[in-house]
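The file data_10.cif contains mmCIF, C-alpha atoms:
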```cif
data_query
#
loop_
_atom_site.label_atom_id
_atom_site.label_comp_id
_atom_site.auth_asym_id
_atom_site.auth_seq_id
_atom_site.Cartn_x
_atom_site.Cartn_y
_atom_site.Cartn_z
CA MET L 1 0.00 0.00 0.00
CA LYS L 2 1.43 3.34 -1.01
CA LYS L 3 1.87 6.00 1.65
CA PHE L 4 2.40 9.73 1.37
CA PRO L 5 4.24 10.70 4.55
CA THR L 6 4.61 14.39 3.71
CA LEU L 7 0.85 14.71 3.22
CA HIS L 8 -0.26 12.42 6.02
CA ASP L 9 -1.90 14.27 8.89
CA THR L 10 -1.86 17.58 7.03
CA PRO L 11 -2.01 20.31 9.70
CA PRO L 12 -5.05 22.55 10.21
CA VAL L 13 -5.16 25.98 8.64
CA THR L 14 -2.99 28.78 9.95
CA GLU L 15 -4.83 31.47 7.96
CA GLY L 16 -8.57 32.12 8.08
CA ILE L 17 -10.83 29.19 7.17
CA THR L 18 -12.78 31.21 4.61
CA SER L 19 -9.65 32.44 2.84
CA THR L 20 -8.14 28.93 2.85
CA LEU L 21 -11.34 27.48 1.44
CA ARG L 22 -11.47 30.15 -1.26
CA ARG L 23 -7.82 29.69 -2.18
CA GLN L 24 -7.47 25.91 -2.31
CA GLY L 25 -10.99 24.46 -2.35
CA TYR L 26 -10.71 22.79 1.05
CA ALA L 27 -9.69 23.56 4.63
CA ARG L 28 -9.00 21.47 7.69
CA TYR L 29 -9.48 23.04 11.12
CA ARG L 30 -9.54 22.38 14.83
CA ALA L 31 -12.39 23.36 17.14
CA GLU L 32 -10.57 26.48 18.35
CA ASP L 33 -10.14 27.66 14.75
CA ILE L 34 -13.91 28.11 14.59
CA GLY L 35 -14.07 29.71 18.02
CA LEU L 36 -15.24 26.63 19.91
CA HIS L 37 -13.92 24.82 22.96
CA PRO L 38 -15.73 21.52 23.61
CA ASP L 39 -15.59 21.94 27.41
CA GLU L 40 -17.60 25.15 27.12
CA HIS L 41 -20.34 23.36 25.17
CA SER L 42 -20.33 20.05 27.05
CA GLY L 43 -24.09 19.92 27.63
CA ASP L 44 -25.01 20.67 24.02
CA LEU L 45 -22.30 18.31 22.76
CA ALA L 46 -23.62 15.57 25.05
CA GLN L 47 -27.12 16.00 23.58
CA ILE L 48 -25.75 15.64 20.05
CA ASP L 49 -23.70 12.61 21.11
CA GLU L 50 -26.78 11.04 22.68
CA ALA L 51 -28.55 11.26 19.31
CA PHE L 52 -25.70 9.23 17.79
CA ALA L 53 -26.24 6.53 20.41
CA HIS L 54 -29.70 5.91 18.95
CA LEU L 55 -29.06 6.19 15.21
CA PRO L 56 -30.84 3.52 13.15
CA PRO L 57 -28.93 1.43 10.61
CA ASP L 58 -28.78 2.87 7.10
CA PRO L 59 -32.09 1.57 5.66
CA TYR L 60 -30.50 1.15 2.22
CA ALA L 61 -27.45 -0.75 3.46
CA PRO L 62 -28.23 -2.33 6.85
CA HIS L 63 -25.18 -4.63 6.83
CA THR L 64 -22.50 -1.98 6.26
CA HIS L 65 -22.20 -1.02 9.96
CA ARG L 66 -23.31 2.47 8.93
CA TYR L 67 -25.96 4.37 10.95
CA ARG L 68 -27.55 7.67 10.00
CA ARG L 69 -30.21 10.38 10.25
CA TYR L 70 -30.73 13.31 7.91
CA SER L 71 -32.83 16.48 7.69
CA HIS L 72 -33.13 19.64 5.57
CA ALA L 73 -33.13 23.28 6.63
CA VAL L 74 -33.52 26.47 4.61
CA TYR L 75 -31.49 29.62 5.26
CA LEU L 76 -32.47 33.09 4.00
CA PRO L 77 -29.27 35.18 3.70
CA TRP L 78 -31.10 38.53 3.60
CA THR L 79 -32.87 37.94 6.94
CA GLY L 80 -30.58 35.41 8.65
CA GLN L 81 -33.56 33.09 9.22
CA LEU L 82 -32.84 29.35 9.46
CA THR L 83 -35.78 26.93 9.42
CA PHE L 84 -35.87 23.15 9.40
CA THR L 85 -38.32 21.69 6.88
CA PRO L 86 -40.77 18.98 7.97
CA GLY L 87 -40.11 15.43 6.88
CA ALA L 88 -42.64 13.07 5.31
CA PRO L 89 -44.57 10.81 7.72
CA ASP L 90 -43.15 7.31 7.95
CA ALA L 91 -44.48 4.27 9.80
CA THR L 92 -41.03 3.02 10.80
CA TYR L 93 -39.07 6.17 11.60
CA GLY L 94 -41.77 8.71 12.38
CA SER L 95 -40.62 10.98 9.55
CA VAL L 96 -38.09 10.80 6.72
CA THR L 97 -36.37 13.29 4.41
CA GLU L 98 -35.28 12.75 0.83
CA PHE L 99 -31.54 12.46 0.21
CA TRP L 100 -30.58 12.68 -3.45
CA GLN L 101 -27.11 12.83 -5.04
CA ASP L 102 -28.17 12.46 -8.72
CA ASP L 103 -25.38 10.41 -10.36
CA HIS L 104 -22.56 11.44 -8.03
CA ASN L 105 -22.92 8.38 -5.82
CA PRO L 106 -22.08 5.31 -7.95
CA GLU L 107 -23.68 3.03 -5.35
CA TYR L 108 -27.08 4.74 -5.72
CA PRO L 109 -27.16 6.50 -9.11
CA GLY L 110 -30.32 8.57 -9.46
CA VAL L 111 -31.90 7.00 -6.35
CA ARG L 112 -34.02 9.26 -4.13
CA ARG L 113 -33.28 7.76 -0.75
CA ARG L 114 -35.59 8.58 2.15
CA LEU L 115 -33.61 8.72 5.39
CA PRO L 116 -34.81 8.96 9.01
CA ASP L 117 -35.02 12.57 10.21
CA ILE L 118 -32.81 13.92 12.98
CA PRO L 119 -34.68 14.11 16.30
CA ALA L 120 -36.95 17.14 16.66
CA ALA L 121 -35.38 17.99 20.02
CA LEU L 122 -31.95 18.30 18.39
CA ARG L 123 -33.06 20.99 15.94
CA GLY L 124 -32.89 23.65 18.63
CA ASN L 125 -29.55 22.52 20.05
CA PRO L 126 -27.47 25.73 20.42
CA LEU L 127 -24.21 24.03 19.42
CA LEU L 128 -25.73 22.48 16.31
CA LEU L 129 -27.22 25.83 15.29
CA ARG L 130 -23.91 27.57 15.89
CA LEU L 131 -22.05 25.02 13.74
CA ILE L 132 -24.59 25.48 10.92
CA ARG L 133 -24.28 29.27 11.03
CA THR L 134 -20.49 29.11 11.23
CA ASP L 135 -20.42 26.89 8.15
CA LEU L 136 -22.76 29.26 6.35
CA ASP L 137 -20.43 32.13 7.18
CA HIS L 138 -17.57 30.21 5.52
CA ALA L 139 -19.59 29.56 2.36
CA THR L 140 -21.70 32.63 1.70
CA TRP L 141 -18.77 34.68 0.37
CA LEU L 142 -19.83 33.02 -2.89
CA GLU L 143 -22.23 35.30 -4.74
CA ASP L 144 -24.46 32.37 -5.77
CA LEU L 145 -25.35 31.92 -2.08
CA GLN L 146 -26.14 35.58 -1.32
CA ARG L 147 -29.36 36.17 -3.29
CA THR L 148 -31.15 32.85 -3.10
CA PRO L 149 -32.52 30.64 -0.34
CA VAL L 150 -29.77 28.30 0.81
CA TYR L 151 -30.29 24.58 1.24
CA VAL L 152 -28.70 23.11 4.37
CA GLY L 153 -28.47 19.33 4.75
CA VAL L 154 -27.80 18.09 8.31
CA HIS L 155 -26.48 14.56 8.43
CA LEU L 156 -25.62 12.43 11.49
CA LEU L 157 -23.35 9.55 10.43
CA LYS L 158 -21.87 6.80 12.58
CA LEU L 159 -19.51 4.01 11.51
CA ALA L 160 -19.66 1.35 14.24
CA VAL L 161 -17.84 -1.97 14.72
CA HIS L 162 -18.24 -4.63 17.37
CA ASP L 163 -15.60 -7.28 16.67
CA SER L 164 -12.41 -7.80 14.68
CA THR L 165 -14.28 -9.09 11.62
CA ASP L 166 -16.39 -5.94 11.21
CA GLU L 167 -15.59 -3.22 8.70
CA ALA L 168 -17.74 -0.08 8.62
CA VAL L 169 -17.80 1.86 5.36
CA SER L 170 -19.10 5.21 4.25
CA SER L 171 -21.00 5.71 0.99
CA PRO L 172 -19.59 5.81 -1.57
CA ASN L 173 -16.42 4.00 -0.54
CA CYS L 174 -14.25 5.88 -3.02
CA LEU L 175 -13.17 9.43 -3.76
CA HIS L 176 -16.28 11.36 -4.73
CA GLN L 177 -18.06 14.68 -4.95
CA ASP L 178 -21.46 15.36 -3.43
CA GLY L 179 -22.87 16.86 -6.61
CA GLY L 180 -25.24 19.63 -7.51
CA SER L 181 -24.36 23.27 -8.03
CA HIS L 182 -20.85 24.72 -8.29
CA ALA L 183 -21.89 26.55 -5.11
CA THR L 184 -22.10 23.29 -3.12
CA PHE L 185 -20.01 23.03 0.06
CA THR L 186 -19.60 20.16 2.52
CA PHE L 187 -18.52 20.68 6.14
CA ALA L 188 -17.63 17.83 8.50
CA HIS L 189 -17.43 18.11 12.29
CA LEU L 190 -16.20 15.17 14.36
CA ILE L 191 -18.43 14.53 17.35
CA GLY L 192 -16.28 11.72 18.71
CA CYS L 193 -14.52 8.44 18.01
CA THR L 194 -13.86 5.46 20.27
CA ASN L 195 -11.63 2.38 19.89
CA ILE L 196 -11.23 2.37 16.11
CA ARG L 197 -8.56 2.04 13.45
CA GLY L 198 -8.93 3.74 10.08
CA GLY L 199 -11.21 6.63 9.25
CA GLU L 200 -8.49 8.58 7.43
CA ASN L 201 -9.77 11.45 5.30
CA THR L 202 -8.30 12.15 1.87
CA ILE L 203 -8.74 15.29 -0.22
CA ALA L 204 -7.67 14.93 -3.86
CA ASP L 205 -7.99 16.49 -7.29
CA PRO L 206 -11.46 16.30 -8.91
CA GLU L 207 -10.11 13.71 -11.37
CA GLY L 208 -9.82 11.28 -8.46
CA VAL L 209 -13.61 10.71 -8.42
CA GLY L 210 -14.43 6.99 -8.45
CA ARG L 211 -10.92 5.89 -7.44
CA GLN L 212 -9.17 4.90 -4.22
CA PRO L 213 -6.67 7.35 -2.71
CA ASP L 214 -3.76 4.89 -2.92
CA ASP L 215 -4.38 4.43 -6.65
CA LEU L 216 -3.75 8.10 -7.42
CA PRO L 217 -0.43 9.73 -8.34
CA ARG L 218 1.08 11.45 -5.35
CA THR L 219 0.67 14.84 -7.01
CA ALA L 220 -3.13 14.31 -7.20
CA VAL L 221 -3.49 13.89 -3.41
CA ARG L 222 -3.83 17.25 -1.69
CA ALA L 223 -4.22 16.18 1.95
CA ARG L 224 -4.53 13.12 4.18
CA PHE L 225 -5.48 13.39 7.85
CA THR L 226 -7.43 11.66 10.61
CA LEU L 227 -9.85 13.60 12.81
CA THR L 228 -9.46 12.61 16.45
CA GLU L 229 -10.70 15.43 18.71
CA PRO L 230 -14.33 16.53 19.23
CA LEU L 231 -15.44 19.32 16.86
CA ASP L 232 -12.32 19.09 14.69
CA GLY L 233 -13.33 19.14 11.05
CA TYR L 234 -12.80 20.04 7.44
CA ALA L 235 -14.61 21.78 4.59
CA VAL L 236 -14.63 21.24 0.82
CA HIS L 237 -15.87 23.40 -2.07
CA ASP L 238 -17.36 20.37 -3.74
CA HIS L 239 -16.62 20.73 -7.46
CA ARG L 240 -13.00 21.81 -6.89
CA VAL L 241 -11.83 18.63 -5.11
CA SER L 242 -12.81 15.02 -4.41
CA HIS L 243 -12.91 13.51 -0.91
CA HIS L 244 -13.08 10.15 0.86
CA VAL L 245 -13.09 8.64 4.35
CA ALA L 246 -11.44 5.25 4.79
CA PRO L 247 -13.32 2.29 6.33
CA VAL L 248 -13.24 1.81 10.09
CA ARG L 249 -12.17 -1.33 11.98
CA LEU L 250 -12.08 -2.19 15.66
CA GLY L 251 -9.20 -0.80 17.72
CA ASP L 252 -7.06 -2.61 20.29
CA ARG L 253 -9.05 -1.88 23.44
CA PRO L 254 -11.89 -4.00 24.82
CA GLY L 255 -15.43 -3.22 23.71
CA PRO L 256 -17.00 -1.85 20.52
CA GLY L 257 -15.75 1.10 18.50
CA ASP L 258 -17.31 3.89 16.46
CA ARG L 259 -16.71 7.15 14.59
CA ARG L 260 -19.42 9.81 14.96
CA ILE L 261 -19.50 12.76 12.60
CA LEU L 262 -21.84 15.60 11.74
CA ILE L 263 -21.96 16.54 8.04
CA ILE L 264 -23.48 19.86 6.99
CA GLY L 265 -24.09 20.43 3.28
CA VAL L 266 -24.65 23.91 1.86
CA ALA L 267 -25.99 24.67 -1.65
CA PRO L 268 -28.37 27.06 -3.43
CA TYR L 269 -31.95 26.01 -2.81
CA GLY L 270 -33.90 25.34 -5.99
CA PRO L 271 -36.09 22.86 -7.85
CA ARG L 272 -34.59 19.49 -8.69
CA PRO L 273 -35.69 17.18 -11.51
#
```
Can you dump the structure from the file as structure tokens?
Amino acid sequence: MKKFPTLHDTPPVTEGITSTLRRQGYARYRAEDIGLHPDEHSGDLAQIDEAFAHLPPDPYAPHTHRYRRYSHAVYLPWTGQLTFTPGAPDATYGSVTEFWQDDHNPEYPGVRRRLPDIPAALRGNPLLLRLIRTDLDHATWLEDLQRTPVYVGVHLLKLAVHDSTDEAVSSPNCLHQDGGSHATFTFAHLIGCTNIRGGENTIADPEGVGRQPDDLPRTAVRARFTLTEPLDGYAVHDHRVSHHVAPVRLGDRPGPGDRRILIIGVAPYGPRP
């Protein structure tokens, strides 16, 4: 397996996140870089973490050791109003929200997946709302996001393993883009990880889409790093890079392991086919 030691564990930004994101199409940051200290938000962080403890298995891939919930919100830049949209009633999950990646996910091309909504009580969580608004601040320098309603996707994702034979994978399990407008951004915030190996993030050139990081020329890989501390994260301006998170396996300590991450997607809100 090829390794890229000079890129591995690429350090967080030393300049502003917005300027880094504008300049290179991605940015990695620690909690303090976005003005947060987990100890000061312990109660709100605990509520978010509790929601991860009760995530249902991915209904479209129940044997991948992947668990998730997903909801939409709409942001109006000219008023600052942020509103979660109601999901569709569902007999199993209470309510579900459509998650669609057109043809950018090779595992589900053109499929309109309906995923369990995030808990209603979480939608008012002050830390979650602050993370959403911080991410919006780092994206709305783009003119396409200043004069239109902004779509915000809020995704709780957990990769969980229970024994040495388990492997938990994200979807798609290759370098990819999330699709949609050239004004699409994806922000990832680690909530926590326990007793795991793997989970390395890779940021690469757009031409890496559909491939594994180790199959790319070294010059095509822009960054490799592993998030380990609560609220550490990264951002990508979707069409300018590709990104991937490696599968997760059980670590060396007793008991199960998992990786819990909050993904916030930002894009112009508009009709889809």
Proximity to Val245 (chain L) - best of L:Leu82, L:Ala223, L:Val266, L:Val169, only C-alpha atoms: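 Of L:Leu82, L:Ala223, L:Val266, L:Val169, the one nearest Val245 (chain L) is L:Val169, counting only C-alpha atoms.
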query: Once the PyMOL selection byres ((chain L and resi 187-201) around 6) has been applied to the shown file, what residues remain in the selection, as a list in words?
result: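 Applying the expression gives Thr186, Thr202, Arg224, Phe225, Thr226, Pro230, Leu231, Asp232, Gly233, Tyr234, Ala235, His244, Val245, Ala246, Pro247, Val248, Arg249, Leu250, Gly251, Gly257, Asp258, Arg259, Arg260, Ile261, Leu262, Ile263 and Ile264 of chain L.
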I need the chosen residues saved as an mmCIF file, in the coordinates of the input, with C-alpha atoms.
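New file part-v3.cif:
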```cif
data_model
loop_
_atom_site.group_PDB
_atom_site.id
_atom_site.type_symbol
_atom_site.label_atom_id
_atom_site.label_comp_id
_atom_site.auth_asym_id
_atom_site.auth_seq_id
_atom_site.Cartn_x
_atom_site.Cartn_y
_atom_site.Cartn_z
ATOM 1 C CA THR L 186 -19.600 20.160 2.520
ATOM 2 C CA THR L 202 -8.300 12.150 1.870
ATOM 3 C CA ARG L 224 -4.530 13.120 4.180
ATOM 4 C CA PHE L 225 -5.480 13.390 7.850
ATOM 5 C CA THR L 226 -7.430 11.660 10.610
ATOM 6 C CA PRO L 230 -14.330 16.530 19.230
ATOM 7 C CA LEU L 231 -15.440 19.320 16.860
ATOM 8 C CA ASP L 232 -12.320 19.090 14.690
ATOM 9 C CA GLY L 233 -13.330 19.140 11.050
ATOM 10 C CA TYR L 234 -12.800 20.040 7.440
ATOM 11 C CA ALA L 235 -14.610 21.780 4.590
ATOM 12 C CA HIS L 244 -13.080 10.150 0.860
ATOM 13 C CA VAL L 245 -13.090 8.640 4.350
ATOM 14 C CA ALA L 246 -11.440 5.250 4.790
ATOM 15 C CA PRO L 247 -13.320 2.290 6.330
ATOM 16 C CA VAL L 248 -13.240 1.810 10.090
ATOM 17 C CA ARG L 249 -12.170 -1.330 11.980
ATOM 18 C CA LEU L 250 -12.080 -2.190 15.660
ATOM 19 C CA GLY L 251 -9.200 -0.800 17.720
ATOM 20 C CA GLY L 257 -15.750 1.100 18.500
ATOM 21 C CA ASP L 258 -17.310 3.890 16.460
ATOM 22 C CA ARG L 259 -16.710 7.150 14.590
ATOM 23 C CA ARG L 260 -19.420 9.810 14.960
ATOM 24 C CA ILE L 261 -19.500 12.760 12.600
ATOM 25 C CA LEU L 262 -21.840 15.600 11.740
ATOM 26 C CA ILE L 263 -21.960 16.540 8.040
ATOM 27 C CA ILE L 264 -23.480 19.860 6.990
#
```
task: Name the closest residue to Glu167 (chain L) among the candidates L:Gly16, L:Ala120, L:Arg28, L:Thr64; distances are taken between atoms, counting all atoms listed in the file.
output: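 Of L:Gly16, L:Ala120, L:Arg28, L:Thr64, the one nearest Glu167 (chain L) is L:Thr64, counting all atoms listed in the file.
CA of His63 (chain L) is found 12.7 Å from CA of Thr165 (chain L).
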- line: Of L:Ala61, L:Asp238, L:Ala139, L:Leu145, the one sitting nearest Gly180 (chain L) when using only C-alpha atoms is L:Asp238
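Distance-wise, CA of Arg112 (chain L) and CA of Ser181 (chain L) end up 17.5 Å apart.
In terms of minimum interatomic distance to Thr18 (chain L), L:Asp135 ranks closest within L:Asp135, L:Asp90, L:Asp58, L:Asp117, counting only C-alpha atoms.
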- line: re CA of Thr134 (chain L) and CA of His182 (chain L): distance 20.0 Å
message: Selection in question (the file shown): the PyMOL selection byres ((chain L and resi 42-45) around 8). Which residues does it include, as an MDAnalysis selection string?
response: chainID L and resid 38:41 46:49 125:128 191
Enumerate, as a PDB file with C-alpha atoms, in the frame of the given file, the residues matched when the PyMOL selection byres ((chain L and resi 56) around 12) is run on the file above.
```
ATOM      1  CA  ALA L  51     -28.550  11.260  19.310  1.00  0.00           C
ATOM      2  CA  PHE L  52     -25.700   9.230  17.790  1.00  0.00           C
ATOM      3  CA  ALA L  53     -26.240   6.530  20.410  1.00  0.00           C
ATOM      4  CA  HIS L  54     -29.700   5.910  18.950  1.00  0.00           C
ATOM      5  CA  LEU L  55     -29.060   6.190  15.210  1.00  0.00           C
ATOM      6  CA  PRO L  57     -28.930   1.430  10.610  1.00  0.00           C
ATOM      7  CA  ASP L  58     -28.780   2.870   7.100  1.00  0.00           C
ATOM      8  CA  PRO L  59     -32.090   1.570   5.660  1.00  0.00           C
ATOM      9  CA  TYR L  60     -30.500   1.150   2.220  1.00  0.00           C
ATOM     10  CA  ALA L  61     -27.450  -0.750   3.460  1.00  0.00           C
ATOM     11  CA  PRO L  62     -28.230  -2.330   6.850  1.00  0.00           C
ATOM     12  CA  HIS L  63     -25.180  -4.630   6.830  1.00  0.00           C
ATOM     13  CA  HIS L  65     -22.200  -1.020   9.960  1.00  0.00           C
ATOM     14  CA  ARG L  66     -23.310   2.470   8.930  1.00  0.00           C
ATOM     15  CA  TYR L  67     -25.960   4.370  10.950  1.00  0.00           C
ATOM     16  CA  ARG L  68     -27.550   7.670  10.000  1.00  0.00           C
ATOM     17  CA  ARG L  69     -30.210  10.380  10.250  1.00  0.00           C
ATOM     18  CA  TYR L  70     -30.730  13.310   7.910  1.00  0.00           C
ATOM     19  CA  THR L  92     -41.030   3.020  10.800  1.00  0.00           C
ATOM     20  CA  TYR L  93     -39.070   6.170  11.600  1.00  0.00           C
ATOM     21  CA  LEU L 115     -33.610   8.720   5.390  1.00  0.00           C
ATOM     22  CA  PRO L 116     -34.810   8.960   9.010  1.00  0.00           C
ATOM     23  CA  ASP L 117     -35.020  12.570  10.210  1.00  0.00           C
ATOM     24  CA  ILE L 118     -32.810  13.920  12.980  1.00  0.00           C
ATOM     25  CA  PRO L 119     -34.680  14.110  16.300  1.00  0.00           C
ATOM     26  CA  LEU L 156     -25.620  12.430  11.490  1.00  0.00           C
ATOM     27  CA  LEU L 157     -23.350   9.550  10.430  1.00  0.00           C
ATOM     28  CA  LYS L 158     -21.870   6.800  12.580  1.00  0.00           C
ATOM     29  CA  LEU L 159     -19.510   4.010  11.510  1.00  0.00           C
ATOM     30  CA  ALA L 160     -19.660   1.350  14.240  1.00  0.00           C
TER      31      ALA L 160
END
```
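Nearest to Leu136 (chain L) of all the residues L:Thr219, L:Thr184, L:Gln177, L:Ser164 is L:Thr184, based on all atoms listed in the file.
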- request: Rank nothing, just name the residue among L:Gly35, L:Pro172, L:Gly94, L:Gly87 nearest to Ser71 (chain L), using all atoms listed in the file.
  value: L:Gly87
task: Find the residues around Gly210 (chain L) up to 7 Å (all atoms listed in the file counted), leave out those fewer than 4 positions away in its own chain, and share them as number ranges by chain.
output: L: 174-176
field: All residues 12 Å or closer to Asp137 (chain L), only C-alpha atoms, same chain fewer than 3 positions away omitted, as JSON, numbers by chain
entry: {"L": [16, 17, 18, 19, 21, 34, 75, 77, 80, 130, 131, 132, 133, 134, 140, 141, 142, 145, 146, 150, 185, 187, 266]}
Got time to write the residues from that selection, C-alpha atoms, as a PDB file, in the frame of the given file?
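Written out: selection.pdb:
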```
ATOM      1  CA  GLY L  16      -8.570  32.120   8.080  1.00  0.00           C
ATOM      2  CA  ILE L  17     -10.830  29.190   7.170  1.00  0.00           C
ATOM      3  CA  THR L  18     -12.780  31.210   4.610  1.00  0.00           C
ATOM      4  CA  SER L  19      -9.650  32.440   2.840  1.00  0.00           C
ATOM      5  CA  LEU L  21     -11.340  27.480   1.440  1.00  0.00           C
ATOM      6  CA  ILE L  34     -13.910  28.110  14.590  1.00  0.00           C
ATOM      7  CA  TYR L  75     -31.490  29.620   5.260  1.00  0.00           C
ATOM      8  CA  PRO L  77     -29.270  35.180   3.700  1.00  0.00           C
ATOM      9  CA  GLY L  80     -30.580  35.410   8.650  1.00  0.00           C
ATOM     10  CA  ARG L 130     -23.910  27.570  15.890  1.00  0.00           C
ATOM     11  CA  LEU L 131     -22.050  25.020  13.740  1.00  0.00           C
ATOM     12  CA  ILE L 132     -24.590  25.480  10.920  1.00  0.00           C
ATOM     13  CA  ARG L 133     -24.280  29.270  11.030  1.00  0.00           C
ATOM     14  CA  THR L 134     -20.490  29.110  11.230  1.00  0.00           C
ATOM     15  CA  THR L 140     -21.700  32.630   1.700  1.00  0.00           C
ATOM     16  CA  TRP L 141     -18.770  34.680   0.370  1.00  0.00           C
ATOM     17  CA  LEU L 142     -19.830  33.020  -2.890  1.00  0.00           C
ATOM     18  CA  LEU L 145     -25.350  31.920  -2.080  1.00  0.00           C
ATOM     19  CA  GLN L 146     -26.140  35.580  -1.320  1.00  0.00           C
ATOM     20  CA  VAL L 150     -29.770  28.300   0.810  1.00  0.00           C
ATOM     21  CA  PHE L 185     -20.010  23.030   0.060  1.00  0.00           C
ATOM     22  CA  PHE L 187     -18.520  20.680   6.140  1.00  0.00           C
ATOM     23  CA  VAL L 266     -24.650  23.910   1.860  1.00  0.00           C
TER      24      VAL L 266
END
```
